[in-house]
Structure formats: C-alpha cells, structure tokens
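Novice: Got a structure for you, written out below as structure tokens; questions coming shortly.
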Amino acid sequence: MLDWIIIGAGIHGCTTAAHLAYADPSLTRDKRLLLIDSGPGPLSAWNTMTERVGMKYLRSPGVHHLHPRVRDLFSFAKRNHYYSSHFSGSSKKPSVSLFRHHCAKVIEEMDLTSCFEQAHAFNIDRCGAYWMVDTERGTLFTKRVVLATGTKEHCSLPSWLPAADQGGACHIHQKQEPEPVRPPATVIGGGMSGVQKALDLSRRFPGQVTLALRHPLRVWEYDAAPEWMGGKYRQVCRNTSTFSERRHAITRARRSGSITKNLYRQVQRQQGLGRLEVRQDPIRRVTSRQSHWLLHGSAATWEARAILCATGDQYHPAQNPLLFRLINSCQLPLAPCGYPALAPYSPVWARGLYVSGPLADLAIGPTARNIAGARTAAACIQQEAQHACT
C-alpha cells in the first residue's frame, strides 16, 4: 500500500513530490511515494519543450523552483560557480541550464528517480478508504492521489493549419517530435513560446524567419502581476461569493500571450539586423505549392516551408478521459466553468484526492499554472496532509 501516487512528473508533480519528501524523507526511502508519467523520467516533457522552443532564461524569478527552501537555487548557484550571466534582470530569472542543473540536484537529493514509474494512468476510483489507480502496468492502491497533469496535450490549432500528414506544419507543444525545420519558416503566436522559437530560428536561419502576429507584442514581465503571488487572491476570495466571480478575477489577472522586456528587446534587435521579420497580419488561409506553403494574410502573402504554431491550448478537465471518468464515477464537485470546485488555497478535491496545476485554478488563483503556483499548491498539499493525519 502506497501513501502517495502523484500523476504527472512535470514541474508541478516534481515540486509536490519534493515538498512531501523534504517533510518526510521516509516516503521515498521506503518507496511509499510513487510518481507516474508517460514520459521516460521526471521533467522529461519540460526539458523537451524548453529545448524545442530554444528557451534561454525562465520567466519565473530565482525564488521559484522545486525545492521547499526558497533560497536553495541561489545557494546551489553559488556552490557550483554559476555567475551573474546565469541570471536575468533584477528578479534574477535563472538560465535554463542552471535551472535544469538545480532540478537534477533536487531530484537526486529527494531520491525521486527511484520512486518514478513510466506508465499511463487510465482510471482512478475509490476503493473503500483508499484510491485505486489502474495503469497498463497494473493496478496500484494508495492512501492519497495528487493530480498534476498539464495542458500541453490539448494544443489549440488554427482552423487553416494544413493537416499533420502533409508535413511541415505543427504545433510547437505537440507531444510527438516535429520534423526538422527547413527555411523559410513562419512562427505563429506572440507569446513566450512563439517569440523564443522565432528568435532561436532567426539565429540559425538569418533573414528566413517570419513571426506572424494577430496583435502587437504585449510586454509583461510575468504572466500575472507580482501581487498575485502574494495575498491578492486571498483578498479576492474574501470579497467574492461565487466560483464564477473567482474565475472572472483569474481570467482578468492572467497575461496570456505576452512576453518579457528582455525578449521584446531581442526581437527589436533581430529585426534591426534583418534576421527576423515581424508581420502583424492575421492569416486567413494557407495554400499548398510543390515544396512550400503560401500564407495569405489580410494585407500580404508570403512563403514558408515550415509553419510552427505557438497558439496556446484548449485545456478543459472534461477533455481528459481519465478526469472525465473520475469525475463521473466519484461525483466530484465542479464549478460552473467545469474545473474542480475548491476552497481558497485548499487543493483538496475529495478526501485523499489533491490537485496541482490547471486543476488548482480556483484554489491557487492566476499563478496556479506556473512555478509559483506549483510551490503554493505543494505547500498546501503537504500542510493539508499533515492536518488530516492529526
């Protein structure tokens, strides 16, 4: 019998596992905690995606990472001689290489790899006072389950995008590995992923990359204002009485499709050098030619041999077969928006069932999906579990 099964070994799942193991090292030492993910190891999908988009620095500041100790990344950087070049801006956003190295250290320190199993969970149900998790490798029983599944398998694709089997067109966050990019290339989307990918390609193929936008680039340092990382969401919860009002506040606070000042300056520089073309011209349709595509915007037409979309996701809990079955079999409470109906800062969906990431939106607020939200949810889960045991 396991104490914990965490479904999803991305940033949220690993942060939760690290917090639990830090509070009780016997969980991993005695193999009473299990991380399940369809990828080959902890953070494998995150590592793949950050490499795919060419990310150099995180958007999150250096105090947001997997380890429960807030300053642990800075201490690690000092011990391992990571100098100022590995931090960006006044909030000291870490380089991807530093962050990955620190993650590997936390995973090793907490012994998470030995508690990881590559498997696909396809069913969760109650079994008396416990939970039963069915995977293709067998059925597992546990006292508690944490759902830490992400959104990247629910990519939002433009209606005009050519069929995948035609080649050369894809979503940057798709699960399967895309074909190698052949210039000229067009990247669709003005958020962090799209702009980082466009910049990465413009360095590889100068003058042969277009960044296509529906609106001017939006510049915000974070995907939610810094005050949302503090107590502002608690104030919202005190002043609102319904889940719909809470959802409205979250939607208004999020800054989707925006980029940092540093990335904006890089775009301007690459434009000035003639390495990157930025078109604010919504694409209406795409037509095929022998070896390339013609993209037809409102004002112009241009060629591309590769079309890479960074157009967000269409995530909704009901679209996930695992969640759909769980919600119906256990009659779990939902808010009008279809997300778990949770108390503020309490990621408890049912007795022994916890959530992190997108599913924790209504508990954690606008930061639920980023690393700050992962830390908040992990701390709340650890505290809730301790409280339940006393």
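Letters A, B, ... mark the chains of the structure tokens in the order given; residue numbers begin at 1 per chain; ligand numbers begin at 1, in order shown.
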If you count only C-alpha atoms, which residues fall within 9 Å of A:Ser156, apart from same-chain ones fewer than 4 positions away, as a ChimeraX atom specification?
Specialist: /A:171,309-315
Novice: I need the residues from that last selection saved to file as a short mmCIF file (atom, residue, chain, number, x, y, z; two decimals), in the first residue's frame (with C-alpha atoms), if you can.
Specialist:
```
data_model
loop_
_atom_site.label_atom_id
_atom_site.label_comp_id
_atom_site.auth_asym_id
_atom_site.auth_seq_id
_atom_site.Cartn_x
_atom_site.Cartn_y
_atom_site.Cartn_z
CA HIS A 171 2.17 22.97 -33.02
CA CYS A 309 2.21 27.29 -34.22
CA ALA A 310 2.53 28.59 -30.68
CA THR A 311 -1.16 29.31 -30.31
CA GLY A 312 -1.87 28.12 -26.80
CA ASP A 313 -4.06 25.30 -25.60
CA GLN A 314 -7.73 24.39 -25.29
CA TYR A 315 -7.43 22.62 -21.97
#
```
Novice: Return as number ranges by chain the full set of residues in stretch 225-316 of chain A whose backbone-based DSSP assignment is strand (DSSP E or B).
Specialist: A: 254, 258-259, 276-280, 283-288, 293-297, 301-304, 306-309, 313
Novice: Output C-alpha atoms of each residue in that selection to a file, as an mmCIF file, in the first residue's frame.
Specialist:
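result18.cif, written as the output of this step:
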```cif
data_model
loop_
_atom_site.group_PDB
_atom_site.id
_atom_site.type_symbol
_atom_site.label_atom_id
_atom_site.label_comp_id
_atom_site.auth_asym_id
_atom_site.auth_seq_id
_atom_site.Cartn_x
_atom_site.Cartn_y
_atom_site.Cartn_z
ATOM 1 C CA ARG A 254 -3.678 36.440 -16.382
ATOM 2 C CA SER A 258 2.681 38.190 -23.504
ATOM 3 C CA ILE A 259 6.486 38.332 -23.378
ATOM 4 C CA LEU A 276 13.711 38.349 -38.312
ATOM 5 C CA GLU A 277 10.589 39.714 -39.993
ATOM 6 C CA VAL A 278 7.596 40.507 -37.801
ATOM 7 C CA ARG A 279 4.208 40.632 -39.515
ATOM 8 C CA GLN A 280 1.138 41.858 -37.684
ATOM 9 C CA ILE A 283 -3.512 34.614 -41.508
ATOM 10 C CA ARG A 284 -6.746 33.837 -43.349
ATOM 11 C CA ARG A 285 -5.788 30.688 -45.247
ATOM 12 C CA VAL A 286 -2.877 28.563 -46.405
ATOM 13 C CA THR A 287 -2.428 27.040 -49.845
ATOM 14 C CA SER A 288 -0.005 24.342 -50.881
ATOM 15 C CA TRP A 293 3.179 26.818 -48.358
ATOM 16 C CA LEU A 294 1.670 30.159 -49.256
ATOM 17 C CA LEU A 295 0.325 32.005 -46.226
ATOM 18 C CA HIS A 296 -2.393 34.508 -47.085
ATOM 19 C CA GLY A 297 -2.808 37.306 -44.574
ATOM 20 C CA THR A 301 1.065 36.750 -48.973
ATOM 21 C CA TRP A 302 4.364 35.055 -48.179
ATOM 22 C CA GLU A 303 6.074 31.669 -48.478
ATOM 23 C CA ALA A 304 7.087 29.124 -45.852
ATOM 24 C CA ALA A 306 7.789 25.239 -42.184
ATOM 25 C CA ILE A 307 4.846 26.554 -40.156
ATOM 26 C CA LEU A 308 5.192 26.353 -36.382
ATOM 27 C CA CYS A 309 2.209 27.291 -34.219
ATOM 28 C CA ASP A 313 -4.063 25.295 -25.603
#
```
Novice: Quote the spacing between atom CA of A:Ile6 and atom CA of A:Gln382 in Å to one decimal place.
Specialist: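 Separation between atom CA of A:Ile6 and atom CA of A:Gln382: 12.7 Å.
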Novice: Assign secondary structure with DSSP using the backbone only, and return the residues of stretch 55-260 of chain A in helix (DSSP H, G or I) as a PyMOL selection string.
Specialist: chain A and resi 72-79+84-86+96-109+113-115+164-166+192-204+226-229+232-239+243-253
Novice: Contacts of A:Ala377 at 9 Å or less, counting only C-alpha atoms, minus same-chain residues fewer than 5 places along, as a PyMOL selection string?
Specialist: chain A and resi 12+15-16+345-347+355-357+360+363-364+368+372+382
Novice: In Å, with one decimal, what is the gap from atom CA of A:Thr28 to atom CA of A:Asp72?
Specialist: 20.3 Å
Novice: If we count only C-alpha atoms and set the cut-off at 12 Å, which residues sit around A:Cys170, ignoring sequence neighbours fewer than 4 positions away in its own chain? Please answer as a PDB file with N, CA and C atoms, in the first residue's frame.
Specialist:
```
ATOM      1  N   CYS A 155      -3.370  21.080 -27.483  1.00  0.00           N
ATOM      2  CA  CYS A 155      -2.922  22.222 -28.270  1.00  0.00           C
ATOM      3  C   CYS A 155      -4.079  22.845 -29.051  1.00  0.00           C
ATOM      4  N   SER A 156      -4.070  24.160 -29.093  1.00  0.00           N
ATOM      5  CA  SER A 156      -5.063  24.906 -29.868  1.00  0.00           C
ATOM      6  C   SER A 156      -4.486  25.187 -31.251  1.00  0.00           C
ATOM      7  N   LEU A 157      -5.127  24.660 -32.282  1.00  0.00           N
ATOM      8  CA  LEU A 157      -4.627  24.783 -33.650  1.00  0.00           C
ATOM      9  C   LEU A 157      -5.529  25.685 -34.483  1.00  0.00           C
ATOM     10  N   PRO A 158      -4.955  26.567 -35.303  1.00  0.00           N
ATOM     11  CA  PRO A 158      -5.777  27.404 -36.189  1.00  0.00           C
ATOM     12  C   PRO A 158      -6.559  26.541 -37.183  1.00  0.00           C
ATOM     13  N   TRP A 160      -7.072  27.008 -40.202  1.00  0.00           N
ATOM     14  CA  TRP A 160      -6.457  26.972 -41.531  1.00  0.00           C
ATOM     15  C   TRP A 160      -5.200  26.107 -41.595  1.00  0.00           C
ATOM     16  N   LEU A 161      -4.728  25.584 -40.440  1.00  0.00           N
ATOM     17  CA  LEU A 161      -3.475  24.848 -40.435  1.00  0.00           C
ATOM     18  C   LEU A 161      -3.582  23.584 -41.291  1.00  0.00           C
ATOM     19  N   PRO A 162      -2.626  23.341 -42.193  1.00  0.00           N
ATOM     20  CA  PRO A 162      -2.667  22.114 -43.009  1.00  0.00           C
ATOM     21  C   PRO A 162      -2.653  20.864 -42.146  1.00  0.00           C
ATOM     22  N   ALA A 163      -3.168  19.775 -42.686  1.00  0.00           N
ATOM     23  CA  ALA A 163      -3.202  18.508 -41.960  1.00  0.00           C
ATOM     24  C   ALA A 163      -1.788  18.061 -41.625  1.00  0.00           C
ATOM     25  N   ALA A 164      -1.647  17.411 -40.462  1.00  0.00           N
ATOM     26  CA  ALA A 164      -0.323  16.991 -39.985  1.00  0.00           C
ATOM     27  C   ALA A 164       0.374  16.060 -40.971  1.00  0.00           C
ATOM     28  N   ASP A 165      -0.419  15.223 -41.684  1.00  0.00           N
ATOM     29  CA  ASP A 165       0.209  14.262 -42.588  1.00  0.00           C
ATOM     30  C   ASP A 165       0.785  14.914 -43.844  1.00  0.00           C
ATOM     31  N   GLN A 166       0.523  16.211 -44.035  1.00  0.00           N
ATOM     32  CA  GLN A 166       1.095  16.914 -45.168  1.00  0.00           C
ATOM     33  C   GLN A 166       2.519  17.387 -44.884  1.00  0.00           C
ATOM     34  N   GLN A 174       3.217  20.110 -29.437  1.00  0.00           N
ATOM     35  CA  GLN A 174       2.665  18.780 -29.673  1.00  0.00           C
ATOM     36  C   GLN A 174       3.565  17.727 -29.037  1.00  0.00           C
ATOM     37  N   LYS A 175       2.959  16.602 -28.692  1.00  0.00           N
ATOM     38  CA  LYS A 175       3.720  15.583 -27.965  1.00  0.00           C
ATOM     39  C   LYS A 175       4.758  14.910 -28.858  1.00  0.00           C
ATOM     40  N   GLN A 176       4.384  14.595 -30.086  1.00  0.00           N
ATOM     41  CA  GLN A 176       5.314  13.935 -30.988  1.00  0.00           C
ATOM     42  C   GLN A 176       6.381  14.912 -31.480  1.00  0.00           C
ATOM     43  N   GLU A 177       7.552  14.390 -31.730  1.00  0.00           N
ATOM     44  CA  GLU A 177       8.668  15.220 -32.176  1.00  0.00           C
ATOM     45  C   GLU A 177       8.400  15.763 -33.578  1.00  0.00           C
ATOM     46  N   PRO A 178       8.488  17.076 -33.781  1.00  0.00           N
ATOM     47  CA  PRO A 178       8.237  17.639 -35.113  1.00  0.00           C
ATOM     48  C   PRO A 178       9.385  17.349 -36.080  1.00  0.00           C
ATOM     49  N   GLU A 179       9.098  17.519 -37.357  1.00  0.00           N
ATOM     50  CA  GLU A 179      10.135  17.345 -38.373  1.00  0.00           C
ATOM     51  C   GLU A 179      11.177  18.464 -38.237  1.00  0.00           C
ATOM     52  N   PRO A 180      12.401  18.229 -38.672  1.00  0.00           N
ATOM     53  CA  PRO A 180      13.396  19.308 -38.674  1.00  0.00           C
ATOM     54  C   PRO A 180      12.902  20.501 -39.491  1.00  0.00           C
ATOM     55  N   VAL A 181      13.158  21.688 -38.984  1.00  0.00           N
ATOM     56  CA  VAL A 181      12.685  22.910 -39.639  1.00  0.00           C
ATOM     57  C   VAL A 181      13.549  23.205 -40.862  1.00  0.00           C
ATOM     58  N   ALA A 185      10.846  29.818 -42.676  1.00  0.00           N
ATOM     59  CA  ALA A 185       9.934  29.336 -41.640  1.00  0.00           C
ATOM     60  C   ALA A 185       9.080  30.484 -41.116  1.00  0.00           C
ATOM     61  N   THR A 186       7.843  30.157 -40.747  1.00  0.00           N
ATOM     62  CA  THR A 186       6.941  31.123 -40.119  1.00  0.00           C
ATOM     63  C   THR A 186       6.492  30.580 -38.773  1.00  0.00           C
ATOM     64  N   VAL A 187       6.615  31.396 -37.742  1.00  0.00           N
ATOM     65  CA  VAL A 187       6.144  31.043 -36.403  1.00  0.00           C
ATOM     66  C   VAL A 187       4.900  31.865 -36.123  1.00  0.00           C
ATOM     67  N   ILE A 188       3.836  31.198 -35.670  1.00  0.00           N
ATOM     68  CA  ILE A 188       2.560  31.859 -35.389  1.00  0.00           C
ATOM     69  C   ILE A 188       2.397  32.010 -33.884  1.00  0.00           C
ATOM     70  N   ARG A 305       8.292  27.055 -45.800  1.00  0.00           N
ATOM     71  CA  ARG A 305       8.430  25.595 -45.909  1.00  0.00           C
ATOM     72  C   ARG A 305       8.118  24.932 -44.572  1.00  0.00           C
ATOM     73  N   ALA A 306       8.127  25.742 -43.517  1.00  0.00           N
ATOM     74  CA  ALA A 306       7.789  25.239 -42.184  1.00  0.00           C
ATOM     75  C   ALA A 306       6.865  26.240 -41.510  1.00  0.00           C
ATOM     76  N   ILE A 307       5.787  25.732 -40.913  1.00  0.00           N
ATOM     77  CA  ILE A 307       4.846  26.554 -40.156  1.00  0.00           C
ATOM     78  C   ILE A 307       4.786  25.991 -38.745  1.00  0.00           C
ATOM     79  N   LEU A 308       5.184  26.807 -37.777  1.00  0.00           N
ATOM     80  CA  LEU A 308       5.192  26.353 -36.382  1.00  0.00           C
ATOM     81  C   LEU A 308       4.231  27.214 -35.580  1.00  0.00           C
ATOM     82  N   CYS A 309       3.229  26.577 -34.987  1.00  0.00           N
ATOM     83  CA  CYS A 309       2.209  27.291 -34.219  1.00  0.00           C
ATOM     84  C   CYS A 309       2.544  27.285 -32.732  1.00  0.00           C
ATOM     85  N   ALA A 310       2.425  28.453 -32.134  1.00  0.00           N
ATOM     86  CA  ALA A 310       2.529  28.594 -30.675  1.00  0.00           C
ATOM     87  C   ALA A 310       1.271  29.333 -30.251  1.00  0.00           C
ATOM     88  N   THR A 311       0.152  28.674 -30.438  1.00  0.00           N
ATOM     89  CA  THR A 311      -1.162  29.306 -30.313  1.00  0.00           C
ATOM     90  C   THR A 311      -1.939  28.832 -29.092  1.00  0.00           C
TER      91      THR A 311
END
```
Novice: Contacts of A:Val236 at 8 Å or less, counting only C-alpha atoms, minus same-chain residues fewer than 3 places along, as a list of chain:residue names?
Specialist: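 Listing them by chain and then by number gives A:Lys232, A:Tyr233, A:Asn239, A:Thr240, A:Arg246, A:Ala249.
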Novice: List as JSON, numbers by chain the protein and nucleic acid residues near stretch 216-224 of chain A, meaning an atom at most 12 Å away when only C-alpha atoms are counted, but skip any in the same chain fewer than 2 places from it.
Specialist: {"A": [58, 59, 60, 61, 88, 89, 90, 91, 93, 189, 190, 191, 192, 194, 195, 211, 212, 213, 214, 226, 227, 228, 229, 230, 232, 233, 249, 250, 251, 252, 253, 254, 255, 256, 257, 258, 259, 260, 261, 262, 263, 264, 265, 267, 268, 278, 279, 280, 281, 282, 365, 366, 367, 368, 369, 370, 371, 372, 373]}
